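Note sheet for the following structure.
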Amino acid sequence: KVRESGVFEKVEVAGPGFLNLTVGGGWLAERLNDLASDGNLGISTQGKGKRIVIDYSSPNAAKQMHIGHIRSTVIGCAIDRIFRALGYDVIADNHLGDWGTQFGILIKGYRECLSDDERENLTVANLEKCYVLSAAKAKEEDGVWKDACRAELVKLQKGDPENMALWKRFIDISIGEFERMYGKLGVKFDTYRGESYYNSMMPGVVDRLVSAGLAEESEGALVVKLEAEKLGVAIVRKSDGGYNYTTSDLACVESRMADYDPERIIYVTDDRQQLHFRQFFSIAAKLGCTTKLVHVPFGLMSYQGKAISTREGNLIKLDDLLAEAKRRAYEIVKDRGGDETLAEQIGYGAVKYADLSHDPATAIDFNWDKALALEGNSGPYLQYAYARVCSLLAKAGDDGANVETAAFTVSTPAEKRLALQLLEFPGAVLRSAEAYKPSVLADYLFQTAQLYSSFYQSSPILKSETELRNSRLRLCSLFGRVLKKGLYLLGIEAPVRI
């Protein structure tokens, strides 16, 4: 029956318990034609009719984004794009840190630590400056400044019009700066619902926890005990009456369920928050949450072999990191006739791929030489592979324009290996989504580019007879389409020339 299936050109017993199955070139050609004829390159649309929320990036307002924000942002964006490709209705939400004690410190600092010109032309850098100065004064022993900051916070929490107007200005300026950075990275959010959005909902969450018998008083605070699940104790209302991340996240999930009715909610944060999410997911289930909640934890990033920290002096601003990526990439392409736009595509792609090519759970060390290498597993290597395909098709001239109607002929081992790999593209996209790991797709693209290189080196293309020439050109074209689509799903551009 296997022999008669039409899939294999050879089926043979090889010793006790083994079968050797050799895939037939005719069957491969048919499948390649199906793949090439599909506008979505065979990617399943299994998510059609299903909605998910992806919560990622989540920087703190009034602070500049830095290198530590890169992982959540680029991993979250790739997962976002992959699920959209699978047909899901995706809500990308940026859960900003836009409420809390720091705003009392900020408001006091804004009024007394900035010049008139800095207040008039307020930037996130100025907000960060006034926060640092104000926080330093708050640590002084007499406590006068700290008390004044607390008073400003209380006024804000009670809805004082002047403080509310300042807070809104701080948030608007912060989001404007974040969107400038996201524009460089090709990242888009559907909503910016920060902690403040859920502030009024948190007392109701605590009331429901108490009514359900889940929360109890402990040393003046309200807690949910999760020792039976080996998750310790989660505080849901502090002894001073304030709320914390657990309460905010419970309010957030209730709001998302009511507004979006999602099939699942995915949270992309660093792995130091794993206990928080286990506690929060457990409590949400006890409150009746039926939406699937998924935490995608990622390891910390170091930079050129050193831990990223203010103390180490290498808490690099994201703006500066991307500027350096563009500068270094321009040094590579300027002698090839490349411009600054190409340098951005290569530099930013290199930064993203240096992250996405690793399993999110692993800690990574960012290294410029590896990130920008034109050989090996790097973003520029894949971009260069795509540019080479574009160059080949351009050299083919008018015949290249008609290549998509050519019949596939798959006969040599190199053709078969590349054909089988290309047919794996839909599966690689699906596996990447199921594991919440863009690295699965990145690995696939690198392996595919290597197989294409082997095929290109061993298989004459433009000098072959017409039928074989057009078949191989179409195989090259299909490789280019798969590579471009895969890079897009990772949030990386594919320039046609390098």
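Labels used: A, B, ... for chains in the order of the structure tokens, numbers from 1 for residues in each chain, and numbers from 1 for ligands as shown.
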
What's around His69 in chain A at 12 Å? Count only C-alpha atoms, leave out sequence neighbours fewer than 3 positions away in its own chain, and write the answer as a PyMOL selection string.
chain A and resi 56-60+63-66+72-76+178+181-182+268-270+298+300-301+308+315-319+321+352+355

Taking 2 positions as the minimum chain separation for residues in the same chain, which residues sit within 6 Å of Ala343 in chain A when counting only C-alpha atoms? Answer as a count of residues only.
8

From the list A:Asp249, A:Asp93, A:Asp261, A:Glu118, the nearest residue to Ala284 in chain A using only C-alpha atoms is A:Asp249

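From CA of Gln102 in chain A back to CA of Ile173 in chain A, the distance works out to 16.1 Å.
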
Within 7 Å of Ser378 in chain A, counting only C-alpha atoms, which residues qualify if same-chain residues fewer than 6 places away don't, as an NGL selection string?
:A and (350 or 353-354 or 371-372)

Of A:Glu177, A:Gly24, A:Phe83, A:Glu415, the one sitting nearest Val11 in chain A when using only C-alpha atoms is A:Gly24

Name the residues in contact with Lys484 in chain A at a cut-off of 9 Å, using only C-alpha atoms, excluding same-chain residues fewer than 4 positions from it; report them as a PyMOL selection string.
chain A and resi 383+386+479-480+488-489+492-494

Save the residues we just selected, N, CA and C atoms, as a compact mmCIF listing (two decimals), in the first residue's frame?
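New file part_14.txt:
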# COMPACT_ATOMS: atom_id res chain seq x y z
N GLN A 383 19.06 38.12 5.36
CA GLN A 383 18.71 39.21 4.46
C GLN A 383 19.54 39.13 3.18
N TYR A 386 18.21 36.49 0.86
CA TYR A 386 17.04 36.97 0.10
C TYR A 386 17.48 37.89 -1.04
N PHE A 479 11.71 29.84 -2.62
CA PHE A 479 12.57 30.02 -1.44
C PHE A 479 12.55 31.48 -1.00
N GLY A 480 12.67 32.40 -1.96
CA GLY A 480 12.67 33.82 -1.62
C GLY A 480 11.37 34.25 -0.96
N TYR A 488 9.35 38.51 7.76
CA TYR A 488 8.26 39.44 8.13
C TYR A 488 7.61 39.01 9.45
N LEU A 489 7.37 37.71 9.60
CA LEU A 489 6.75 37.22 10.83
C LEU A 489 7.63 37.46 12.04
N ILE A 492 11.25 41.43 10.71
CA ILE A 492 12.51 41.84 10.07
C ILE A 492 12.26 42.09 8.58
N GLU A 493 12.78 43.21 8.09
CA GLU A 493 12.60 43.56 6.68
C GLU A 493 13.55 42.76 5.80
N ALA A 494 13.14 42.59 4.54
CA ALA A 494 13.93 41.82 3.58
C ALA A 494 14.25 42.72 2.39

Gly100 in chain A: which residues within 9 Å, counting only C-alpha atoms, same-chain residues fewer than 2 positions away excluded, as a list in words?
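Neighbouring residues, sequence-local ones excluded: Gly97, Asp98, Gln102, Phe103, Gly104, Leu153, Gln157, Glu195 and Ser196 of chain A.
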
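Nearest residue to Ile175 in chain A among A:Cys149, A:Cys77, A:Gly213, A:Ala61 is A:Ala61, counting only C-alpha atoms.
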
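Candidate residues A:Lys48, A:Pro203, A:Lys286, A:Leu393 were compared for distance to Arg469 in chain A, and the nearest is A:Leu393, using only C-alpha atoms.
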
Between CA of Gly47 in chain A and CA of Phe425 in chain A, what distance in Å does the model show, to one decimal?
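For CA of Gly47 in chain A relative to CA of Phe425 in chain A, the distance reads 17.3 Å.
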
Would you list the contacts of Val223 in chain A as a count of residues only, taking every protein, DNA or RNA residue within 8 Å and counting only C-alpha atoms, but skipping same-chain residues closer than 3 positions in sequence?
9

Minimum-distance residue to Ala285 in chain A, chosen among A:Asp190, A:Val253, A:Lys437, A:Leu478 (using only C-alpha atoms)
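Closest candidate: A:Val253.
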
What's the 12 Å shell around Ala407 in chain A, counting only C-alpha atoms, without same-chain residues fewer than 5 positions away, as a PyMOL selection string?
chain A and resi 26+28-34+36-37+402+466-475
